[in-house]
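A.B. asks: Got data_2.pdb for you, PDB, C-alpha atoms and all ligand atoms:
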```pdb
ATOM      1  CA  MET K 195     130.816 -61.468-126.508
ATOM      2  CA  LYS K 196     129.369 -63.366-123.583
ATOM      3  CA  LEU K 197     131.924 -64.548-121.048
ATOM      4  CA  SER K 198     131.977 -67.850-119.202
ATOM      5  CA  LEU K 199     133.696 -68.631-115.914
ATOM      6  CA  SER K 200     135.070 -71.920-114.634
ATOM      7  CA  TRP K 201     137.472 -72.901-111.887
ATOM      8  CA  GLU K 202     139.408 -75.823-110.412
ATOM      9  CA  VAL K 203     141.066 -76.474-107.052
ATOM     10  CA  GLN K 204     144.694 -77.594-107.265
ATOM     11  CA  ARG K 205     146.559 -78.957-104.253
ATOM     12  CA  ILE K 206     150.162 -77.843-104.657
ATOM     13  CA  THR K 207     152.744 -79.635-102.558
ATOM     14  CA  THR K 208     155.910 -77.937-101.367
ATOM     15  CA  LYS K 209     159.249 -79.707-101.778
ATOM     16  CA  PHE K 210     159.880 -79.006 -98.088
ATOM     17  CA  GLU K 211     157.521 -78.074 -95.284
ATOM     18  CA  PHE K 212     157.279 -74.287 -95.630
ATOM     19  CA  LYS K 213     157.761 -72.768 -92.207
ATOM     20  CA  ILE K 214     157.779 -69.078 -91.353
ATOM     21  CA  ALA K 215     157.474 -67.219 -88.050
ATOM     22  CA  ARG K 216     153.719 -67.822 -87.773
ATOM     23  CA  SER K 217     152.909 -71.028 -89.684
ATOM     24  CA  ALA K 218     154.105 -74.308 -91.200
ATOM     25  CA  GLU K 219     152.553 -76.023 -94.219
ATOM     26  CA  SER K 220     153.451 -78.830 -96.615
ATOM     27  CA  TYR K 221     150.662 -78.209 -99.137
ATOM     28  CA  TYR K 222     148.378 -75.401-100.217
ATOM     29  CA  ASP K 223     145.041 -75.495-102.038
ATOM     30  CA  VAL K 224     144.902 -72.860-104.747
ATOM     31  CA  VAL K 225     141.980 -72.056-107.022
ATOM     32  CA  ILE K 226     142.624 -71.609-110.744
ATOM     33  CA  VAL K 227     139.961 -69.498-112.467
ATOM     34  CA  LYS K 228     139.366 -69.342-116.206
ATOM     35  CA  ILE K 229     137.398 -66.669-118.029
ATOM     36  CA  SER K 230     136.595 -67.431-121.656
ATOM     37  CA  ASP K 231     134.941 -65.470-124.438
ATOM     38  CA  GLY K 232     134.628 -68.554-126.631
ATOM     39  CA  GLU K 233     137.791 -67.711-128.563
ATOM     40  CA  HIS K 234     140.363 -66.913-125.858
ATOM     41  CA  THR K 235     140.701 -68.045-122.233
ATOM     42  CA  GLY K 236     142.293 -65.971-119.493
ATOM     43  CA  TYR K 237     143.820 -67.735-116.479
ATOM     44  CA  GLY K 238     144.090 -66.514-112.915
ATOM     45  CA  GLU K 239     145.083 -67.978-109.556
ATOM     46  CA  ALA K 240     143.838 -67.451-106.023
ATOM     47  CA  ALA K 241     146.333 -68.541-103.346
ATOM     48  CA  PRO K 242     144.387 -67.477-100.233
ATOM     49  CA  ASN K 243     146.453 -66.564 -97.194
ATOM     50  CA  LYS K 244     145.321 -66.980 -93.595
ATOM     51  CA  ARG K 245     147.289 -63.895 -92.541
ATOM     52  CA  TYR K 246     144.761 -61.857 -94.514
ATOM     53  CA  HIS K 247     141.739 -63.892 -93.260
ATOM     54  CA  ASP K 248     141.277 -65.409 -96.689
ATOM     55  CA  SER K 249     140.486 -69.052 -97.459
ATOM     56  CA  LYS K 250     139.837 -71.490-100.281
ATOM     57  CA  ASP K 251     136.305 -72.050 -98.980
ATOM     58  CA  LEU K 252     135.533 -68.344 -99.120
ATOM     59  CA  VAL K 253     136.890 -68.148-102.683
ATOM     60  CA  LEU K 254     134.778 -71.129-103.807
ATOM     61  CA  GLN K 255     131.661 -69.864-102.079
ATOM     62  CA  TYR K 256     131.951 -66.532-103.898
ATOM     63  CA  LEU K 257     132.688 -68.149-107.270
ATOM     64  CA  GLU K 258     129.634 -70.389-106.957
ATOM     65  CA  SER K 259     127.215 -67.720-105.785
ATOM     66  CA  MET K 260     128.402 -64.735-107.873
ATOM     67  CA  THR K 261     129.211 -66.263-111.281
ATOM     68  CA  ALA K 262     126.825 -63.957-113.157
ATOM     69  CA  ASP K 263     128.268 -60.839-111.478
ATOM     70  CA  ILE K 264     131.775 -61.885-112.494
ATOM     71  CA  THR K 265     131.004 -62.611-116.145
ATOM     72  CA  ALA K 266     129.261 -59.220-116.428
ATOM     73  CA  LEU K 267     132.527 -57.360-115.643
ATOM     74  CA  SER K 268     134.480 -55.361-118.219
ATOM     75  CA  VAL K 269     137.463 -56.909-119.992
ATOM     76  CA  GLU K 270     138.720 -53.501-121.192
ATOM     77  CA  ASP K 271     138.194 -51.135-118.259
ATOM     78  CA  SER K 272     140.429 -52.441-115.480
ATOM     79  CA  GLN K 273     139.745 -49.547-113.072
ATOM     80  CA  VAL K 274     135.976 -49.946-113.158
ATOM     81  CA  ARG K 275     136.381 -53.709-112.939
ATOM     82  CA  GLN K 276     138.707 -53.505-109.939
ATOM     83  CA  ALA K 277     136.280 -51.237-108.077
ATOM     84  CA  ALA K 278     133.535 -53.779-108.750
ATOM     85  CA  LEU K 279     135.707 -56.708-107.603
ATOM     86  CA  GLU K 280     136.444 -54.891-104.334
ATOM     87  CA  ALA K 281     132.756 -54.169-103.778
ATOM     88  CA  LEU K 282     131.718 -57.748-104.579
ATOM     89  CA  PHE K 283     134.510 -59.550-102.682
ATOM     90  CA  PRO K 284     135.781 -57.137-100.018
ATOM     91  CA  ASP K 285     137.219 -59.891 -97.808
ATOM     92  CA  SER K 286     138.927 -62.091-100.412
ATOM     93  CA  TYR K 287     141.997 -60.385-101.817
ATOM     94  CA  ALA K 288     143.099 -63.638-103.465
ATOM     95  CA  LEU K 289     139.833 -63.949-105.378
ATOM     96  CA  GLN K 290     140.110 -60.320-106.506
ATOM     97  CA  ALA K 291     143.652 -61.091-107.693
ATOM     98  CA  SER K 292     142.700 -64.257-109.555
ATOM     99  CA  LEU K 293     139.857 -62.599-111.445
ATOM    100  CA  ASP K 294     141.832 -59.449-112.243
ATOM    101  CA  MET K 295     144.640 -61.662-113.597
ATOM    102  CA  ALA K 296     142.258 -63.731-115.711
ATOM    103  CA  PHE K 297     140.678 -60.609-117.200
ATOM    104  CA  TRP K 298     144.115 -59.130-117.986
ATOM    105  CA  ASP K 299     145.252 -62.434-119.528
ATOM    106  CA  LEU K 300     142.140 -62.488-121.710
ATOM    107  CA  TYR K 301     142.677 -58.836-122.663
ATOM    108  CA  GLY K 302     146.283 -59.505-123.697
ATOM    109  CA  LYS K 303     145.232 -62.516-125.760
ATOM    110  CA  ARG K 304     142.596 -60.470-127.552
ATOM    111  CA  LEU K 305     145.235 -57.856-128.418
ATOM    112  CA  ASP K 306     147.745 -60.638-129.208
ATOM    113  CA  LYS K 307     150.292 -58.939-126.918
ATOM    114  CA  PRO K 308     152.150 -60.032-123.778
ATOM    115  CA  LEU K 309     151.105 -58.105-120.670
ATOM    116  CA  HIS K 310     154.710 -57.044-119.933
ATOM    117  CA  ASP K 311     154.540 -55.243-123.261
ATOM    118  CA  ILE K 312     151.144 -53.655-122.564
ATOM    119  CA  PHE K 313     152.391 -52.533-119.102
ATOM    120  CA  GLY K 314     155.706 -51.233-120.496
ATOM    121  CA  ALA K 315     157.660 -53.330-117.968
ATOM    122  CA  GLY K 316     159.793 -55.223-120.481
ATOM    123  CA  THR K 317     161.508 -58.573-120.063
ATOM    124  CA  ASP K 318     164.738 -57.546-118.314
ATOM    125  CA  LEU K 319     164.070 -58.699-114.758
ATOM    126  CA  PRO K 320     166.329 -58.644-111.686
ATOM    127  CA  VAL K 321     167.413 -62.045-110.376
ATOM    128  CA  SER K 322     164.842 -63.546-108.012
ATOM    129  CA  SER K 323     165.730 -64.916-104.615
ATOM    130  CA  TYR K 324     165.030 -68.478-103.494
ATOM    131  CA  THR K 325     163.378 -68.891-100.102
ATOM    132  CA  ILE K 326     164.617 -71.090 -97.289
ATOM    133  CA  GLY K 327     161.941 -71.485 -94.616
ATOM    134  CA  ILE K 328     162.720 -71.822 -90.929
ATOM    135  CA  SER K 329     164.329 -75.206 -90.428
ATOM    136  CA  GLU K 330     165.560 -77.569 -87.861
ATOM    137  CA  LEU K 331     169.269 -76.846 -87.991
ATOM    138  CA  ASP K 332     170.125 -80.275 -89.394
ATOM    139  CA  MET K 333     167.794 -79.642 -92.367
ATOM    140  CA  ILE K 334     169.580 -76.456 -93.398
ATOM    141  CA  PRO K 335     172.374 -78.147 -95.403
ATOM    142  CA  VAL K 336     169.743 -80.174 -97.303
ATOM    143  CA  LYS K 337     167.818 -77.018 -98.169
ATOM    144  CA  LEU K 338     170.989 -75.190 -99.178
ATOM    145  CA  GLU K 339     171.854 -78.089-101.446
ATOM    146  CA  GLU K 340     168.449 -77.749-103.117
ATOM    147  CA  ALA K 341     169.129 -74.004-103.516
ATOM    148  CA  THR K 342     172.521 -74.560-105.187
ATOM    149  CA  PRO K 343     171.572 -73.028-108.567
ATOM    150  CA  TYR K 344     170.187 -69.849-106.994
ATOM    151  CA  PRO K 345     172.636 -66.997-106.297
ATOM    152  CA  ILE K 346     170.393 -65.063-103.889
ATOM    153  CA  LEU K 347     168.720 -66.644-100.873
ATOM    154  CA  LYS K 348     165.821 -65.359 -98.838
ATOM    155  CA  ILE K 349     165.889 -66.567 -95.262
ATOM    156  CA  LYS K 350     162.952 -66.541 -92.897
ATOM    157  CA  LEU K 351     164.018 -65.390 -89.433
ATOM    158  CA  GLY K 352     162.113 -63.791 -86.566
ATOM    159  CA  THR K 353     162.531 -66.825 -84.339
ATOM    160  CA  PRO K 354     164.249 -67.426 -80.996
ATOM    161  CA  ASN K 355     166.829 -69.345 -83.024
ATOM    162  CA  ASP K 356     167.908 -66.632 -85.491
ATOM    163  CA  GLN K 357     171.578 -66.575 -84.578
ATOM    164  CA  ALA K 358     171.976 -70.350 -84.852
ATOM    165  CA  ILE K 359     170.094 -70.497 -88.173
ATOM    166  CA  MET K 360     172.253 -67.762 -89.687
ATOM    167  CA  ASP K 361     175.477 -69.234 -88.290
ATOM    168  CA  THR K 362     174.612 -72.637 -89.756
ATOM    169  CA  ILE K 363     173.871 -71.116 -93.159
ATOM    170  CA  ARG K 364     177.089 -69.113 -93.141
ATOM    171  CA  LYS K 365     179.087 -72.284 -92.465
ATOM    172  CA  HIS K 366     177.896 -73.545 -95.866
ATOM    173  CA  THR K 367     177.555 -70.506 -98.120
ATOM    174  CA  ASP K 368     178.547 -66.851 -98.522
ATOM    175  CA  LYS K 369     175.712 -66.080-101.002
ATOM    176  CA  VAL K 370     173.798 -62.802-100.745
ATOM    177  CA  ILE K 371     170.947 -63.234 -98.271
ATOM    178  CA  ARG K 372     167.702 -61.321 -97.894
ATOM    179  CA  VAL K 373     166.161 -61.637 -94.454
ATOM    180  CA  ASP K 374     162.417 -61.762 -93.827
ATOM    181  CA  ALA K 375     161.544 -61.507 -90.130
ATOM    182  CA  ASN K 376     157.778 -61.808 -90.808
ATOM    183  CA  GLU K 377     156.974 -59.453 -87.878
ATOM    184  CA  GLY K 378     159.028 -61.648 -85.548
ATOM    185  CA  TRP K 379     161.058 -59.029 -83.631
ATOM    186  CA  LYS K 380     158.877 -57.348 -81.056
ATOM    187  CA  THR K 381     160.809 -54.307 -79.796
ATOM    188  CA  VAL K 382     162.920 -51.599 -81.440
ATOM    189  CA  ASP K 383     165.943 -52.766 -79.420
ATOM    190  CA  GLU K 384     165.509 -56.360 -80.539
ATOM    191  CA  ALA K 385     165.111 -55.302 -84.176
ATOM    192  CA  LYS K 386     168.168 -53.028 -84.014
ATOM    193  CA  ARG K 387     170.290 -55.739 -82.416
ATOM    194  CA  HIS K 388     169.399 -58.165 -85.210
ATOM    195  CA  ILE K 389     169.788 -55.680 -88.059
ATOM    196  CA  GLU K 390     173.155 -54.448 -86.799
ATOM    197  CA  TRP K 391     174.445 -57.997 -86.655
ATOM    198  CA  LEU K 392     172.949 -59.006 -90.029
ATOM    199  CA  ALA K 393     174.487 -55.959 -91.742
ATOM    200  CA  GLY K 394     177.849 -57.681 -91.280
ATOM    201  CA  GLU K 395     176.608 -60.984 -92.741
ATOM    202  CA  ASN K 396     176.298 -60.048 -96.458
ATOM    203  CA  VAL K 397     172.561 -59.393 -96.045
ATOM    204  CA  GLU K 398     170.922 -57.201 -98.699
ATOM    205  CA  PHE K 399     167.794 -55.997 -96.890
ATOM    206  CA  ILE K 400     165.409 -56.738 -94.039
ATOM    207  CA  GLU K 401     161.765 -57.440 -94.703
ATOM    208  CA  GLN K 402     159.045 -56.640 -92.143
ATOM    209  CA  PRO K 403     161.210 -56.646 -89.008
ATOM    210  CA  MET K 404     158.383 -55.937 -86.583
ATOM    211  CA  PRO K 405     154.599 -56.404 -86.257
ATOM    212  CA  ALA K 406     152.584 -54.403 -88.792
ATOM    213  CA  ASP K 407     150.684 -52.615 -86.006
ATOM    214  CA  GLN K 408     153.947 -51.125 -84.645
ATOM    215  CA  LEU K 409     154.507 -48.633 -87.448
ATOM    216  CA  ASP K 410     155.764 -45.930 -85.073
ATOM    217  CA  ASP K 411     158.448 -48.306 -83.809
ATOM    218  CA  ILE K 412     159.439 -49.368 -87.315
ATOM    219  CA  ALA K 413     159.791 -45.679 -88.266
ATOM    220  CA  LYS K 414     162.591 -45.467 -85.669
ATOM    221  CA  LEU K 415     164.637 -47.860 -87.816
ATOM    222  CA  HIS K 416     164.361 -45.791 -91.012
ATOM    223  CA  ASP K 417     167.191 -43.268 -90.588
ATOM    224  CA  TRP K 418     169.250 -45.517 -88.345
ATOM    225  CA  SER K 419     169.265 -48.782 -90.308
ATOM    226  CA  PRO K 420     172.445 -49.814 -92.137
ATOM    227  CA  LEU K 421     170.247 -52.017 -94.381
ATOM    228  CA  PRO K 422     167.125 -51.115 -96.393
ATOM    229  CA  VAL K 423     163.945 -52.051 -94.541
ATOM    230  CA  VAL K 424     161.112 -53.323 -96.748
ATOM    231  CA  ALA K 425     157.396 -53.503 -95.869
ATOM    232  CA  ASP K 426     155.456 -56.670 -96.533
ATOM    233  CA  GLU K 427     152.675 -57.236 -93.982
ATOM    234  CA  ASN K 428     152.420 -53.412 -93.838
ATOM    235  CA  SER K 429     152.187 -53.053 -97.606
ATOM    236  CA  VAL K 430     148.940 -54.774 -98.471
ATOM    237  CA  ARG K 431     146.773 -52.451-100.565
ATOM    238  CA  PRO K 432     147.445 -49.286-102.614
ATOM    239  CA  GLU K 433     145.926 -47.140 -99.853
ATOM    240  CA  ASP K 434     148.600 -48.419 -97.406
ATOM    241  CA  VAL K 435     151.506 -46.968 -99.363
ATOM    242  CA  PRO K 436     151.458 -43.219 -98.498
ATOM    243  CA  ALA K 437     151.773 -43.934 -94.750
ATOM    244  CA  LEU K 438     154.897 -46.043 -95.377
ATOM    245  CA  ALA K 439     156.958 -43.198 -96.852
ATOM    246  CA  GLY K 440     159.625 -42.232 -94.333
ATOM    247  CA  VAL K 441     158.981 -45.481 -92.411
ATOM    248  CA  TYR K 442     160.225 -48.065 -94.898
ATOM    249  CA  HIS K 443     162.778 -47.814 -97.701
ATOM    250  CA  GLY K 444     160.787 -50.092 -99.970
ATOM    251  CA  ILE K 445     157.570 -52.059-100.369
ATOM    252  CA  ASN K 446     156.954 -55.679-101.226
ATOM    253  CA  ILE K 447     153.986 -55.982-103.584
ATOM    254  CA  LYS K 448     152.154 -59.303-103.795
ATOM    255  CA  LEU K 449     149.207 -59.871-106.093
ATOM    256  CA  MET K 450     147.454 -62.051-103.488
ATOM    257  CA  LYS K 451     147.465 -59.160-101.011
ATOM    258  CA  CYS K 452     146.830 -56.164-103.221
ATOM    259  CA  GLY K 453     144.073 -57.694-105.344
ATOM    260  CA  GLY K 454     145.826 -58.199-108.668
ATOM    261  CA  LEU K 455     147.739 -56.516-111.453
ATOM    262  CA  THR K 456     145.541 -53.412-111.576
ATOM    263  CA  ASN K 457     146.224 -52.564-107.930
ATOM    264  CA  ALA K 458     149.876 -53.634-108.197
ATOM    265  CA  ARG K 459     150.317 -51.007-110.922
ATOM    266  CA  LYS K 460     148.768 -48.425-108.580
ATOM    267  CA  MET K 461     151.216 -49.410-105.833
ATOM    268  CA  ILE K 462     154.133 -49.120-108.258
ATOM    269  CA  ALA K 463     153.068 -45.589-109.222
ATOM    270  CA  LEU K 464     152.669 -44.609-105.547
ATOM    271  CA  ALA K 465     156.040 -46.018-104.485
ATOM    272  CA  GLN K 466     157.707 -44.189-107.367
ATOM    273  CA  LYS K 467     155.964 -40.976-106.317
ATOM    274  CA  TYR K 468     157.265 -41.337-102.735
ATOM    275  CA  GLY K 469     160.748 -42.434-103.796
ATOM    276  CA  MET K 470     160.506 -45.927-102.342
ATOM    277  CA  ASP K 471     162.150 -49.055-103.737
ATOM    278  CA  LEU K 472     160.024 -51.774-105.294
ATOM    279  CA  MET K 473     159.985 -55.478-104.625
ATOM    280  CA  MET K 474     157.587 -58.089-106.003
ATOM    281  CA  GLY K 475     156.901 -61.126-103.845
ATOM    282  CA  CYS K 476     154.493 -64.027-103.838
ATOM    283  CA  MET K 477     152.825 -66.697-101.776
ATOM    284  CA  VAL K 478     153.407 -70.378-102.515
ATOM    285  CA  GLU K 479     151.722 -70.324-105.921
ATOM    286  CA  SER K 480     151.689 -72.200-109.192
ATOM    287  CA  SER K 481     153.117 -70.808-112.430
ATOM    288  CA  VAL K 482     149.826 -69.004-113.091
ATOM    289  CA  GLY K 483     150.257 -66.508-110.243
ATOM    290  CA  ILE K 484     154.019 -66.245-110.667
ATOM    291  CA  SER K 485     153.745 -65.597-114.403
ATOM    292  CA  ALA K 486     151.208 -62.838-113.693
ATOM    293  CA  ALA K 487     153.508 -61.131-111.184
ATOM    294  CA  ALA K 488     156.484 -61.468-113.534
ATOM    295  CA  GLN K 489     154.689 -59.273-116.087
ATOM    296  CA  LEU K 490     155.502 -56.320-113.774
ATOM    297  CA  GLY K 491     158.955 -57.597-112.806
ATOM    298  CA  GLY K 492     160.749 -55.127-115.055
ATOM    299  CA  PHE K 493     159.698 -52.296-112.706
ATOM    300  CA  MET K 494     161.239 -53.933-109.606
ATOM    301  CA  ARG K 495     164.544 -53.449-107.836
ATOM    302  CA  TRP K 496     164.140 -56.803-106.079
ATOM    303  CA  LEU K 497     162.245 -59.924-107.076
ATOM    304  CA  ASP K 498     161.145 -62.743-104.831
ATOM    305  CA  LEU K 499     159.104 -64.804-107.274
ATOM    306  CA  ASP K 500     159.997 -68.349-106.309
ATOM    307  CA  GLY K 501     156.551 -69.711-105.349
ATOM    308  CA  ASN K 502     156.412 -72.032-108.343
ATOM    309  CA  VAL K 503     159.914 -73.432-107.898
ATOM    310  CA  LEU K 504     159.213 -74.264-104.228
ATOM    311  CA  ILE K 505     156.502 -76.730-105.269
ATOM    312  CA  ALA K 506     156.877 -80.270-106.549
ATOM    313  CA  ASN K 507     153.749 -80.561-108.718
ATOM    314  CA  ASP K 508     153.186 -77.296-110.587
ATOM    315  CA  PRO K 509     150.036 -77.888-112.676
ATOM    316  CA  TYR K 510     150.857 -75.040-115.098
ATOM    317  CA  VAL K 511     153.767 -73.894-117.265
ATOM    318  CA  GLY K 512     154.622 -70.229-117.694
ATOM    319  CA  VAL K 513     157.536 -67.958-116.908
ATOM    320  CA  GLY K 514     160.852 -69.834-116.804
ATOM    321  CA  ASN K 515     163.317 -69.716-113.904
ATOM    322  CA  GLU K 516     166.965 -70.318-114.771
ATOM    323  CA  ALA K 517     169.038 -70.017-111.608
ATOM    324  CA  GLY K 518     166.768 -67.247-110.337
ATOM    325  CA  LYS K 519     166.646 -65.378-113.642
ATOM    326  CA  LEU K 520     163.017 -65.237-114.746
ATOM    327  CA  ILE K 521     162.530 -65.828-118.445
ATOM    328  CA  LEU K 522     159.466 -64.172-119.961
ATOM    329  CA  GLY K 523     158.317 -65.201-123.390
ATOM    330  CA  ASN K 524     156.397 -63.248-125.981
ATOM    331  CA  GLU K 525     153.176 -65.238-125.851
ATOM    332  CA  PRO K 526     150.078 -63.047-125.543
ATOM    333  CA  GLY K 527     148.664 -62.343-122.091
ATOM    334  CA  MET K 528     150.610 -64.039-119.268
ATOM    335  CA  GLY K 529     151.912 -66.889-121.412
ATOM    336  CA  VAL K 530     150.602 -69.722-119.202
ATOM    337  CA  ARG K 531     149.119 -73.081-120.145
ATOM    338  CA  PRO K 532     148.256 -76.325-118.339
ATOM    339  CA  ARG K 533     151.294 -78.571-117.968
TER     340      ARG K 533
HETATM  341 MG    MG K 601     157.518 -61.387 -96.356
END
```
As structure tokens, what does this structure read like?
Ligand SMILES: [Mg+2]
C.D. replies:
Amino acid sequence: MKLSLSWEVQRITTKFEFKIARSAESYYDVVIVKISDGEHTGYGEAAPNKRYHDSKDLVLQYLESMTADITALSVEDSQVRQAALEALFPDSYALQASLDMAFWDLYGKRLDKPLHDIFGAGTDLPVSSYTIGISELDMIPVKLEEATPYPILKIKLGTPNDQAIMDTIRKHTDKVIRVDANEGWKTVDEAKRHIEWLAGENVEFIEQPMPADQLDDIAKLHDWSPLPVVADENSVRPEDVPALAGVYHGINIKLMKCGGLTNARKMIALAQKYGMDLMMGCMVESSVGISAAAQLGGFMRWLDLDGNVLIANDPYVGVGNEAGKLILGNEPGMGVRPR
């Protein structure tokens, strides 16, 4: 069956300006791709991230110039397809992810099975956190109010203002908090000082405390740390994982970094082999990308799949989110459709 490819750009607007240690944005342009065989259509999403030198323009340029190469790829053989996607689009992880997702979605629809079933991940997912970006202190109560239904918060630190941000939050709530420093602490001493203090603040783990290129320093936290330390900017592709054993306690997998579901499954297998904990995260994404990631959620210890609930104008409907509990249906593929 001959495949056809189409795509659309969607500007998704965040409910609040989304600020982390290195950037601040109030909207993101994502690219939704659709691969159809005439009977079924598979959906995928590219949410390109500047941290990984990716962009919407690069994604669109590739889609326009390489359409025939994409529609020639295999629906059934994900390994061969992934190798081809990496050779065709070596510098756009988000495009790799979107196409891999769309092919998997199409595959699931052809088999009339949900992907979580095909992957053996099931529908019993851990509760996802809800992210609070770095805020002016007077905005924190407003953001906490918005987060009321969610029992677990993820807080972005790694700023000169960490203590004041945390103190302000703790004046309003005693909820479990996961801290993401986004590479913001620059020395082992600084990281240790923060982690020691946060361990007494009902914090569950620390994500990417220090810059990704300081792996030797981060390794010094491994045996010492009172809290699990989880790799994010260090845990990009499957080939990154072996070097993280003994450095981090867990890895944060994101489809937009690793190149899609096929590579995410490889990272899961590697982390299990090395005895590391698993977390699934996301960028700011619509329900297409979040529903794809949720198909593997049953394998995770921690979930941070809130990208679609941080936005005000989600163009798609897919996995549900009831107070952080992700609800997967039994529709074939990823179970997404236009809103
Ligand atoms: Mg992170």
A.B. asks: Which protein, DNA or RNA residues have an atom within 10 Å of ligand MG 601 (chain K), counting all atoms listed in the file, as a ChimeraX atom specification?
C.D. replies: /K:214,348-350,373-377,400-403,424-429,446-448,475-477,498
A.B. asks: Produce a file of the selected residues containing C-alpha atoms, as an mmCIF file, keeping the file's coordinate frame.
C.D. replies:
```
data_model
loop_
_atom_site.group_PDB
_atom_site.id
_atom_site.type_symbol
_atom_site.label_atom_id
_atom_site.label_comp_id
_atom_site.auth_asym_id
_atom_site.auth_seq_id
_atom_site.Cartn_x
_atom_site.Cartn_y
_atom_site.Cartn_z
ATOM 1 C CA ILE K 214 157.779 -69.078 -91.353
ATOM 2 C CA LYS K 348 165.821 -65.359 -98.838
ATOM 3 C CA ILE K 349 165.889 -66.567 -95.262
ATOM 4 C CA LYS K 350 162.952 -66.541 -92.897
ATOM 5 C CA VAL K 373 166.161 -61.637 -94.454
ATOM 6 C CA ASP K 374 162.417 -61.762 -93.827
ATOM 7 C CA ALA K 375 161.544 -61.507 -90.130
ATOM 8 C CA ASN K 376 157.778 -61.808 -90.808
ATOM 9 C CA GLU K 377 156.974 -59.453 -87.878
ATOM 10 C CA ILE K 400 165.409 -56.738 -94.039
ATOM 11 C CA GLU K 401 161.765 -57.440 -94.703
ATOM 12 C CA GLN K 402 159.045 -56.640 -92.143
ATOM 13 C CA PRO K 403 161.210 -56.646 -89.008
ATOM 14 C CA VAL K 424 161.112 -53.323 -96.748
ATOM 15 C CA ALA K 425 157.396 -53.503 -95.869
ATOM 16 C CA ASP K 426 155.456 -56.670 -96.533
ATOM 17 C CA GLU K 427 152.675 -57.236 -93.982
ATOM 18 C CA ASN K 428 152.420 -53.412 -93.838
ATOM 19 C CA SER K 429 152.187 -53.053 -97.606
ATOM 20 C CA ASN K 446 156.954 -55.679 -101.226
ATOM 21 C CA ILE K 447 153.986 -55.982 -103.584
ATOM 22 C CA LYS K 448 152.154 -59.303 -103.795
ATOM 23 C CA GLY K 475 156.901 -61.126 -103.845
ATOM 24 C CA CYS K 476 154.493 -64.027 -103.838
ATOM 25 C CA MET K 477 152.825 -66.697 -101.776
ATOM 26 C CA ASP K 498 161.145 -62.743 -104.831
#
```
A.B. asks: Near Asp368 (chain K), counting all atoms listed in the file, which residues have an atom at most 12 Å away, once you skip same-chain residues fewer than 6 positions from it, shown as a ChimeraX atom specification?
C.D. replies: /K:338,342,345-347,360-362,394-397
A.B. asks: Need the shell around region 239-244 of chain K: protein/DNA/RNA residues with any atom at most 7 Å away, counting all atoms listed in the file. Skip same-chain ones fewer than 2 positions apart. Format as a list in words?
C.D. replies: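 These residues fall inside the cut-off: Val224, Val225, Ile226, Val227, Tyr246, His247, Asp248, Ser249, Lys250, Ala288, Leu289, Ala291, Ser292, Met450, Met477, Glu479, Val482 and Gly483 of chain K.
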A.B. asks: Here's a test: counting only C-alpha atoms, identify every protein, DNA and RNA residue with an atom at most 12 Å from (143.7, -64.6, -117.1) in the file's coordinate frame, and state them as a short mmCIF file (atom, residue, chain, number, x, y, z; two decimals) with C-alpha atoms, in the coordinates of the input.
C.D. replies:
```cif
data_model
loop_
_atom_site.label_atom_id
_atom_site.label_comp_id
_atom_site.auth_asym_id
_atom_site.auth_seq_id
_atom_site.Cartn_x
_atom_site.Cartn_y
_atom_site.Cartn_z
CA LEU K 199 133.70 -68.63 -115.91
CA SER K 200 135.07 -71.92 -114.63
CA TRP K 201 137.47 -72.90 -111.89
CA ILE K 226 142.62 -71.61 -110.74
CA VAL K 227 139.96 -69.50 -112.47
CA LYS K 228 139.37 -69.34 -116.21
CA ILE K 229 137.40 -66.67 -118.03
CA SER K 230 136.60 -67.43 -121.66
CA ASP K 231 134.94 -65.47 -124.44
CA HIS K 234 140.36 -66.91 -125.86
CA THR K 235 140.70 -68.04 -122.23
CA GLY K 236 142.29 -65.97 -119.49
CA TYR K 237 143.82 -67.74 -116.48
CA GLY K 238 144.09 -66.51 -112.92
CA GLU K 239 145.08 -67.98 -109.56
CA ALA K 240 143.84 -67.45 -106.02
CA VAL K 269 137.46 -56.91 -119.99
CA GLN K 290 140.11 -60.32 -106.51
CA ALA K 291 143.65 -61.09 -107.69
CA SER K 292 142.70 -64.26 -109.56
CA LEU K 293 139.86 -62.60 -111.44
CA ASP K 294 141.83 -59.45 -112.24
CA MET K 295 144.64 -61.66 -113.60
CA ALA K 296 142.26 -63.73 -115.71
CA PHE K 297 140.68 -60.61 -117.20
CA TRP K 298 144.12 -59.13 -117.99
CA ASP K 299 145.25 -62.43 -119.53
CA LEU K 300 142.14 -62.49 -121.71
CA TYR K 301 142.68 -58.84 -122.66
CA GLY K 302 146.28 -59.50 -123.70
CA LYS K 303 145.23 -62.52 -125.76
CA ARG K 304 142.60 -60.47 -127.55
CA PRO K 308 152.15 -60.03 -123.78
CA LEU K 309 151.10 -58.10 -120.67
CA GLY K 454 145.83 -58.20 -108.67
CA LEU K 455 147.74 -56.52 -111.45
CA VAL K 482 149.83 -69.00 -113.09
CA GLY K 483 150.26 -66.51 -110.24
CA SER K 485 153.74 -65.60 -114.40
CA ALA K 486 151.21 -62.84 -113.69
CA ALA K 487 153.51 -61.13 -111.18
CA PRO K 526 150.08 -63.05 -125.54
CA GLY K 527 148.66 -62.34 -122.09
CA MET K 528 150.61 -64.04 -119.27
CA GLY K 529 151.91 -66.89 -121.41
CA VAL K 530 150.60 -69.72 -119.20
CA ARG K 531 149.12 -73.08 -120.14
#
```
A.B. asks: Give as a list of chain:residue names the residues that the PyMOL selection byres (((chain K and resi 438) around 10) and not hetatm) matches when applied to the coordinates above.
C.D. replies: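 This file gives the following for the PyMOL selection byres (((chain K and resi 438) around 10) and not hetatm): K:Leu409, K:Ile412, K:Ala413, K:Val424, K:Ala425, K:Asn428, K:Ser429, K:Asp434, K:Val435, K:Pro436, K:Ala437, K:Ala439, K:Gly440, K:Val441, K:Tyr442, K:His443, K:Gly444, K:Ile445, K:Ala465, K:Tyr468, K:Met470.
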